[in-house]
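One file, final_32.cif, is given below (mmCIF, C-alpha atoms).
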```cif
data_target
#
loop_
_atom_site.group_PDB
_atom_site.id
_atom_site.type_symbol
_atom_site.label_atom_id
_atom_site.label_comp_id
_atom_site.auth_asym_id
_atom_site.auth_seq_id
_atom_site.Cartn_x
_atom_site.Cartn_y
_atom_site.Cartn_z
ATOM 1 C CA MET P 1 -8.426 5.943 -20.586
ATOM 2 C CA MET P 2 -4.852 7.196 -20.975
ATOM 3 C CA PRO P 3 -2.582 6.681 -17.969
ATOM 4 C CA LEU P 4 -1.507 9.806 -16.146
ATOM 5 C CA SER P 5 1.782 11.297 -17.299
ATOM 6 C CA ASP P 6 4.754 11.348 -14.927
ATOM 7 C CA GLU P 7 4.281 15.118 -14.621
ATOM 8 C CA ALA P 8 0.635 14.645 -13.594
ATOM 9 C CA VAL P 9 1.642 12.099 -10.926
ATOM 10 C CA LEU P 10 4.275 14.483 -9.538
ATOM 11 C CA ALA P 11 1.777 17.362 -9.525
ATOM 12 C CA ALA P 12 -0.901 15.287 -7.759
ATOM 13 C CA LEU P 13 1.488 14.173 -4.990
ATOM 14 C CA PRO P 14 3.702 17.138 -4.100
ATOM 15 C CA GLY P 15 6.231 16.311 -1.401
ATOM 16 C CA VAL P 16 6.079 12.551 -2.035
ATOM 17 C CA PRO P 17 9.503 11.154 -2.996
ATOM 18 C CA ILE P 18 8.647 9.738 -6.417
ATOM 19 C CA SER P 19 11.318 8.089 -8.555
ATOM 20 C CA ARG P 20 11.404 6.031 -11.732
ATOM 21 C CA ASP P 21 11.294 2.909 -9.525
ATOM 22 C CA ASN P 22 8.016 3.814 -7.784
ATOM 23 C CA VAL P 23 6.180 6.143 -10.177
ATOM 24 C CA GLU P 24 3.961 3.299 -11.433
ATOM 25 C CA HIS P 25 2.950 2.530 -7.833
ATOM 26 C CA TYR P 26 1.791 6.117 -7.317
ATOM 27 C CA ARG P 27 0.161 6.257 -10.762
ATOM 28 C CA GLY P 28 -1.804 3.176 -9.677
ATOM 29 C CA LEU P 29 -2.828 4.765 -6.372
ATOM 30 C CA LEU P 30 -4.262 7.737 -8.255
ATOM 31 C CA ASP P 31 -6.339 5.206 -10.228
ATOM 32 C CA ARG P 32 -7.287 3.209 -7.067
ATOM 33 C CA ARG P 33 -5.082 0.269 -8.044
ATOM 34 C CA LEU P 34 -2.412 -1.158 -5.722
ATOM 35 C CA LEU P 35 0.583 -1.874 -7.953
ATOM 36 C CA ILE P 36 3.726 -3.604 -6.689
ATOM 37 C CA ASN P 37 6.846 -4.259 -8.762
ATOM 38 C CA ARG P 38 7.158 -7.861 -9.938
ATOM 39 C CA CYS P 39 9.880 -9.679 -11.827
ATOM 40 C CA SER P 40 8.587 -10.772 -15.213
ATOM 41 C CA ASP P 41 11.221 -13.523 -15.400
ATOM 42 C CA CYS P 42 10.858 -15.366 -12.069
ATOM 43 C CA GLY P 43 7.599 -13.903 -10.707
ATOM 44 C CA TYR P 44 9.112 -12.525 -7.471
ATOM 45 C CA TRP P 45 7.267 -9.534 -5.973
ATOM 46 C CA ILE P 46 9.570 -6.624 -5.072
ATOM 47 C CA TYR P 47 8.649 -4.162 -2.338
ATOM 48 C CA PRO P 48 9.966 -1.618 -1.535
ATOM 49 C CA HIS P 49 10.140 -0.866 -5.234
ATOM 50 C CA ARG P 50 13.465 -1.536 -6.942
ATOM 51 C CA PRO P 51 14.356 -1.912 -10.620
ATOM 52 C CA LEU P 52 16.324 -5.150 -10.105
ATOM 53 C CA CYS P 53 14.906 -8.476 -8.924
ATOM 54 C CA PRO P 54 16.767 -9.577 -5.769
ATOM 55 C CA GLN P 55 15.930 -13.234 -6.523
ATOM 56 C CA CYS P 56 17.228 -13.673 -10.088
ATOM 57 C CA LEU P 57 18.953 -10.301 -10.721
ATOM 58 C CA SER P 58 16.746 -9.582 -13.720
ATOM 59 C CA TRP P 59 16.026 -6.009 -14.805
ATOM 60 C CA ASN P 60 12.745 -7.221 -16.319
ATOM 61 C CA VAL P 61 10.553 -5.723 -13.575
ATOM 62 C CA SER P 62 7.108 -4.189 -14.006
ATOM 63 C CA ALA P 63 4.374 -2.829 -11.752
ATOM 64 C CA THR P 64 1.627 -5.433 -11.314
ATOM 65 C CA GLU P 65 -1.711 -5.151 -9.529
ATOM 66 C CA VAL P 66 -2.131 -7.246 -6.372
ATOM 67 C CA SER P 67 -5.361 -8.976 -5.347
ATOM 68 C CA GLY P 68 -5.807 -6.973 -2.163
ATOM 69 C CA GLU P 69 -6.250 -10.146 -0.102
ATOM 70 C CA ALA P 70 -3.921 -10.256 2.891
ATOM 71 C CA ARG P 71 -3.335 -10.866 6.597
ATOM 72 C CA ILE P 72 -2.126 -8.576 9.350
ATOM 73 C CA PHE P 73 1.529 -9.336 10.048
ATOM 74 C CA MET P 74 1.892 -6.789 12.875
ATOM 75 C CA PHE P 75 0.192 -3.571 13.929
ATOM 76 C CA THR P 76 0.442 -0.587 16.216
ATOM 77 C CA LEU P 77 -1.873 2.161 17.394
ATOM 78 C CA ILE P 78 -0.645 5.687 16.741
ATOM 79 C CA HIS P 79 -1.812 8.158 19.375
ATOM 80 C CA GLN P 80 -0.073 11.300 18.103
ATOM 81 C CA GLU P 81 -0.799 13.152 14.861
ATOM 82 C CA ARG P 82 2.216 13.937 12.638
ATOM 83 C CA ASP P 83 0.903 17.459 12.157
ATOM 84 C CA PRO P 84 1.484 19.383 15.418
ATOM 85 C CA GLN P 85 -1.656 21.428 14.672
ATOM 86 C CA GLY P 86 -3.803 18.316 14.227
ATOM 87 C CA ARG P 87 -5.207 16.092 16.937
ATOM 88 C CA LEU P 88 -6.300 12.490 16.632
ATOM 89 C CA LEU P 89 -9.750 11.839 18.066
ATOM 90 C CA GLU P 90 -8.903 8.169 18.557
ATOM 91 C CA PRO P 91 -5.815 5.993 18.030
ATOM 92 C CA LEU P 92 -4.932 5.353 14.390
ATOM 93 C CA PRO P 93 -4.364 1.633 13.675
ATOM 94 C CA VAL P 94 -1.486 1.072 11.262
ATOM 95 C CA ALA P 95 -0.345 -2.375 10.181
ATOM 96 C CA ALA P 96 2.238 -4.226 8.181
ATOM 97 C CA ILE P 97 -0.048 -6.149 5.860
ATOM 98 C CA GLU P 98 1.297 -9.393 4.387
ATOM 99 C CA LEU P 99 -0.169 -9.651 0.895
ATOM 100 C CA ASN P 100 -1.318 -13.126 -0.222
ATOM 101 C CA GLU P 101 0.758 -12.932 -3.393
ATOM 102 C CA GLN P 102 3.988 -13.938 -1.618
ATOM 103 C CA PRO P 103 5.215 -14.757 1.904
ATOM 104 C CA GLY P 104 7.096 -11.766 3.277
ATOM 105 C CA LEU P 105 5.502 -9.268 0.846
ATOM 106 C CA ARG P 106 4.356 -6.582 3.278
ATOM 107 C CA TYR P 107 2.713 -3.215 2.757
ATOM 108 C CA LEU P 108 2.180 -0.544 5.430
ATOM 109 C CA ALA P 109 -1.405 0.764 5.625
ATOM 110 C CA THR P 110 -4.142 1.781 8.008
ATOM 111 C CA ILE P 111 -6.809 -0.582 9.282
ATOM 112 C CA VAL P 112 -10.378 0.703 8.892
ATOM 113 C CA ASN P 113 -13.904 -0.466 9.728
ATOM 114 C CA CYS P 114 -12.694 -2.472 12.719
ATOM 115 C CA PRO P 115 -12.699 -1.609 16.435
ATOM 116 C CA THR P 116 -9.117 -1.385 17.661
ATOM 117 C CA ASP P 117 -9.693 -4.064 20.301
ATOM 118 C CA GLN P 118 -10.632 -6.545 17.536
ATOM 119 C CA ILE P 119 -7.508 -6.071 15.411
ATOM 120 C CA ALA P 120 -5.312 -9.158 15.663
ATOM 121 C CA VAL P 121 -2.135 -10.535 14.142
ATOM 122 C CA ASP P 122 -2.905 -12.992 11.310
ATOM 123 C CA MET P 123 -6.425 -11.555 10.846
ATOM 124 C CA PRO P 124 -7.541 -11.823 7.187
ATOM 125 C CA VAL P 125 -8.033 -8.394 5.615
ATOM 126 C CA ARG P 126 -8.849 -6.976 2.202
ATOM 127 C CA LEU P 127 -7.977 -3.801 0.350
ATOM 128 C CA VAL P 128 -10.326 -0.830 0.478
ATOM 129 C CA TRP P 129 -9.766 2.814 -0.358
ATOM 130 C CA THR P 130 -10.003 5.840 1.945
ATOM 131 C CA GLU P 131 -10.020 9.524 1.096
ATOM 132 C CA ARG P 132 -7.441 11.870 2.600
ATOM 133 C CA ASP P 133 -6.728 15.398 1.411
ATOM 134 C CA GLY P 134 -8.779 14.778 -1.728
ATOM 135 C CA LEU P 135 -6.818 11.658 -2.742
ATOM 136 C CA ALA P 136 -7.576 7.946 -2.479
ATOM 137 C CA TRP P 137 -5.209 5.894 -0.299
ATOM 138 C CA PRO P 138 -5.079 2.140 0.271
ATOM 139 C CA ALA P 139 -6.334 0.815 3.598
ATOM 140 C CA PHE P 140 -7.407 -2.634 4.780
ATOM 141 C CA GLU P 141 -10.511 -3.872 6.569
ATOM 142 C CA PRO P 142 -11.498 -7.277 7.974
ATOM 143 C CA ALA P 143 -12.040 -9.690 5.073
ATOM 144 C CA ASP P 144 -15.354 -10.931 6.439
ATOM 145 C CA ARG P 145 -16.844 -7.435 6.380
ATOM 146 C CA ARG P 146 -19.321 -6.780 3.536
#
```

Could you render the structure from this file as structure tokens?
Amino acid sequence: MMPLSDEAVLAALPGVPISRDNVEHYRGLLDRRLLINRCSDCGYWIYPHRPLCPQCLSWNVSATEVSGEARIFMFTLIHQERDPQGRLLEPLPVAAIELNEQPGLRYLATIVNCPTDQIAVDMPVRLVWTERDGLAWPAFEPADRR
């Protein structure tokens, strides 16, 4: 299967600030793959996406798929919808997820399939996909859930 063109990524995600540094990340999301920039010289993972490795200053950076295995670094419960016309039926759990690939490599996502009173810092989680507005978005659920 041919990867989506840059134009197709832009068309699929109107209003999302897409640049040459993060287009591969969003192309991956449209294909249900979580891609994070990684230095091909020293192996350092780079997020937020940048074209230059902050560890070795190499420009040899490419989007690489992560395992999806992680732990909750911190979380909060959002009680107010961003859309003033929308209303949340229950608090939305959002977390900084520390991916297993590298200490300090964190990704912001929602927590699903877990009662809010059971969400805990350092809880093992794994990547799953949720649908929102006809698109797939990364989310995380407890790792022991099958």

For a quick check of understanding, using only C-alpha atoms, which of P:Phe73, P:Leu108, P:Gln85, P:Pro93 has the smallest distance to P:Val121? P:Phe73

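The result of the PyMOL selection byres ((chain P and resi 4) around 10) on the shown file is Met1, Met2, Pro3, Ser5, Asp6, Glu7, Ala8, Val9, Leu10, Glu24, Arg27, Gly28, Leu30 and Asp31 of chain P.
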
For the structure shown, which residues end up in the PyMOL selection byres ((chain P and resi 39-41) around 8)? Put them as a ChimeraX atom specification, please? /P:37-38,42-46,53,58-62

Got a sec: who's within 8 Å of P:Leu77, counting only C-alpha atoms, leaving out chain neighbours fewer than 6 positions off, as a VMD selection string? chain P and resid 91 to 94

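Minimum distance to P:Ile119 across P:Gln80, P:Arg132, P:Leu89, P:Ile72 (counting all atoms listed in the file) occurs at P:Ile72.
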
Test item: which residues lie within 8 Å of (2.8, -1.8, -3.8) counting only C-alpha atoms, as a PyMOL selection string: chain P and resi 25+34-37+47-49+66+107

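Against the coordinates shown, the PyMOL selection byres ((chain P and resi 135) around 10) returns Ala12, Leu13, Leu29, Leu30, Asp31, Arg32, Trp129, Thr130, Glu131, Arg132, Asp133, Gly134, Ala136 and Trp137 of chain P.
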
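We find atom CA of P:Met74 and atom CA of P:Tyr26 to be spaced 24.0 Å apart.
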
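Going from atom CA of P:Ala120 over to atom CA of P:Ala63, you cover 29.8 Å.
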
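A search radius of 12 Å centred on (-6.0, 6.4, 14.9), applied to all atoms listed in the file, returns the residues P:Phe75, P:Thr76, P:Leu77, P:Ile78, P:His79, P:Gln80, P:Glu81, P:Arg82, P:Arg87, P:Leu88, P:Leu89, P:Glu90, P:Pro91, P:Leu92, P:Pro93, P:Val94, P:Ala95, P:Ala109, P:Thr110, P:Ile111, P:Val112, P:Asn113, P:Cys114, P:Pro115, P:Thr116.
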
Write out as a count of residues only which residues come within 9 Å of P:Gly68 when counting all atoms listed in the file, dropping same-chain ones fewer than 4 positions away. 9

Can you measure atom CA of P:Ala70 to atom CA of P:Asp21 for me? One decimal in Å is fine. 23.6 Å
